[in-house]
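K.L.:
I'd like to ask you about the structure that follows.
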Amino acid sequence: MTEITGKAAVVTGGGSGIGMGLAKELARQGASVAVADILLDNAKKVADEINAAGGKAVAIHCDVCERSSIKQLKAEANAALGPVQLLFANAGATSFDPLMEMSDDDVDWIIQVNLMGVMNTTRAFLPDMIAAGDGHIVATASMAGLLPGWIPVHVPYSAAKAGIIGFMMNLGLELKQHNVHTTSYCPGGVASGMKANNSRYRPARFGGPSEAELQITDASFKHNDLAFFSPEAVAPMVLRAVRNNRAFVFDHPDQRRYFRETYSDVVEACYDDADAYEREQGTPAANPEGAKLIGAE
């Protein structure tokens, strides 16, 4: 079980949306919080609200697309709060454009902020957790990563979020011996304000910020009955999963049917095909030398 009270936490993308909800709930449950965001004014507003309510928070600028910025975040968080034992790698961006209509900068930004931002933030804070033998890392993935065929016109985003899930699951195996846990949070519909604010978070090296509103076409949603919860409503669900050391946390239990459509139906059918092939053709002979690569010395 992961304790929250009395711990120091970092939340990237903490100035708005899901990150804001997580930062406030962490403080409500007794953690001190470094609210990190590429828009410092947003982070300051959240930190001020936490402090006014009797909690402890600091606002820190961070662009998770830059390793140097993440290192600076760690230095400032440690100076203000001490060793960080709870990391919420939440910063992200999205797009709903067809792949071949996206520029190189579009694709690079989505992959860099969503996947590499999580990986590099984790790499910065993980050594201290391993040394302490205590810690928990939460990465905000998406149902679009768990079920990549669920939302069309979402290719780089789905790829990045699926990458987060693979990263966190494999890292969890690596960290068992160190008492450090990992959780992938897969939001299924949260009113985060991303539609209006997404372009404001874009770093200069990927074209820079703008006030353009995110365009979402009808083709992006197979189902139009999606309920959107508030960040404040989902944050306690996430922290409950953290306390229980869950590998995943979902916020829409009714979406179980999409999981079944994707895996129980599609994947099971593929295994049925593999079984049928072996019945017809026989099981392929195993390589007598095991996993040795053909032609390897």
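Chain identifiers are assigned as A, B, and so on, following the order in which chains appear in the structure tokens; residues are numbered from 1 within each chain, and ligands are numbered from 1 in order of appearance.
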With only C-alpha atoms as the counted atoms, please give the residues lying no more than 12 Å from Gly92 of chain A, apart from itself and same-chain residues fewer than 6 positions off, as a ChimeraX atom specification.

P.N.:
/A:11-19,37-38,63-65,109-118,139-142,157,160-161,164,192,194,197-203

K.L.:
Could you save those same residues with C-alpha atoms as a PDB file, in the first residue's frame?

P.N.:
```pdb
ATOM      1  CA  VAL A  11       2.562  16.772 -10.831  1.00  0.00           C
ATOM      2  CA  THR A  12       3.554  17.775 -14.357  1.00  0.00           C
ATOM      3  CA  GLY A  13       0.882  19.532 -16.351  1.00  0.00           C
ATOM      4  CA  GLY A  14      -0.461  20.516 -12.938  1.00  0.00           C
ATOM      5  CA  GLY A  15      -1.675  23.961 -13.934  1.00  0.00           C
ATOM      6  CA  SER A  16      -4.924  22.794 -15.498  1.00  0.00           C
ATOM      7  CA  GLY A  17      -7.181  19.848 -16.262  1.00  0.00           C
ATOM      8  CA  ILE A  18      -6.391  16.440 -14.801  1.00  0.00           C
ATOM      9  CA  GLY A  19      -3.093  17.656 -13.352  1.00  0.00           C
ATOM     10  CA  ASP A  37       3.510  23.389 -15.861  1.00  0.00           C
ATOM     11  CA  ILE A  38       4.831  24.900 -19.072  1.00  0.00           C
ATOM     12  CA  ASP A  63       8.637  21.957 -20.341  1.00  0.00           C
ATOM     13  CA  VAL A  64       8.707  18.150 -20.314  1.00  0.00           C
ATOM     14  CA  CYS A  65       9.966  18.142 -23.913  1.00  0.00           C
ATOM     15  CA  TRP A 109       5.475  17.294 -30.548  1.00  0.00           C
ATOM     16  CA  ILE A 110       2.791  14.726 -29.786  1.00  0.00           C
ATOM     17  CA  ILE A 111       5.322  11.908 -29.376  1.00  0.00           C
ATOM     18  CA  GLN A 112       7.815  14.019 -27.444  1.00  0.00           C
ATOM     19  CA  VAL A 113       5.441  15.484 -24.876  1.00  0.00           C
ATOM     20  CA  ASN A 114       3.282  12.408 -24.322  1.00  0.00           C
ATOM     21  CA  LEU A 115       5.807   9.566 -24.421  1.00  0.00           C
ATOM     22  CA  MET A 116       9.299  10.969 -24.012  1.00  0.00           C
ATOM     23  CA  GLY A 117       8.075  13.537 -21.504  1.00  0.00           C
ATOM     24  CA  VAL A 118       6.860  10.718 -19.269  1.00  0.00           C
ATOM     25  CA  ALA A 139       1.696   8.252 -15.788  1.00  0.00           C
ATOM     26  CA  THR A 140      -1.359   9.657 -17.501  1.00  0.00           C
ATOM     27  CA  ALA A 141      -1.956   7.434 -20.514  1.00  0.00           C
ATOM     28  CA  SER A 142      -5.397   7.212 -22.136  1.00  0.00           C
ATOM     29  CA  TYR A 157      -1.475  10.272 -29.754  1.00  0.00           C
ATOM     30  CA  ALA A 160       2.387   7.586 -27.621  1.00  0.00           C
ATOM     31  CA  LYS A 161      -0.197   6.637 -25.008  1.00  0.00           C
ATOM     32  CA  ILE A 164       3.312   4.844 -21.933  1.00  0.00           C
ATOM     33  CA  SER A 192      -9.802  18.971 -19.025  1.00  0.00           C
ATOM     34  CA  MET A 194      -7.776  20.601 -23.722  1.00  0.00           C
ATOM     35  CA  ASN A 197      -6.021  25.248 -24.463  1.00  0.00           C
ATOM     36  CA  ASN A 198      -4.074  22.502 -26.267  1.00  0.00           C
ATOM     37  CA  SER A 199      -2.258  24.832 -28.691  1.00  0.00           C
ATOM     38  CA  ARG A 200      -1.154  27.150 -25.895  1.00  0.00           C
ATOM     39  CA  TYR A 201       1.165  24.430 -24.538  1.00  0.00           C
ATOM     40  CA  ARG A 202       3.149  23.989 -27.748  1.00  0.00           C
ATOM     41  CA  PRO A 203       6.896  24.672 -27.263  1.00  0.00           C
TER      42      PRO A 203
END
```

K.L.:
Skip Ile60 of chain A itself and residues of its chain fewer than 6 positions away, then list as a PyMOL selection string all residues within 8 Å of it, counting only C-alpha atoms.

P.N.:
chain A and resi 34-37+40+43-44+73+76-77

K.L.:
For Ala79 of chain A, which residue out of A:Thr182, A:Gly282, A:Val58, A:Gly207 is the nearest one, using only C-alpha atoms?

P.N.:
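For Ala79 of chain A, the nearest of the candidates is A:Val58.
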
K.L.:
For Gly172 of chain A, which residue out of A:Asn245, A:Ser69, A:Thr283, A:Ser158 is the nearest one, using only C-alpha atoms?

P.N.:
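Smallest separation from Gly172 of chain A among the options: A:Asn245.
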
K.L.:
Under the rule that only C-alpha atoms are counted, which of A:Gln255, A:Ser68, A:Ser210, A:Ser32 is the nearest residue to Leu146 of chain A?

P.N.:
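Smallest separation from Leu146 of chain A among the options: A:Gln255.
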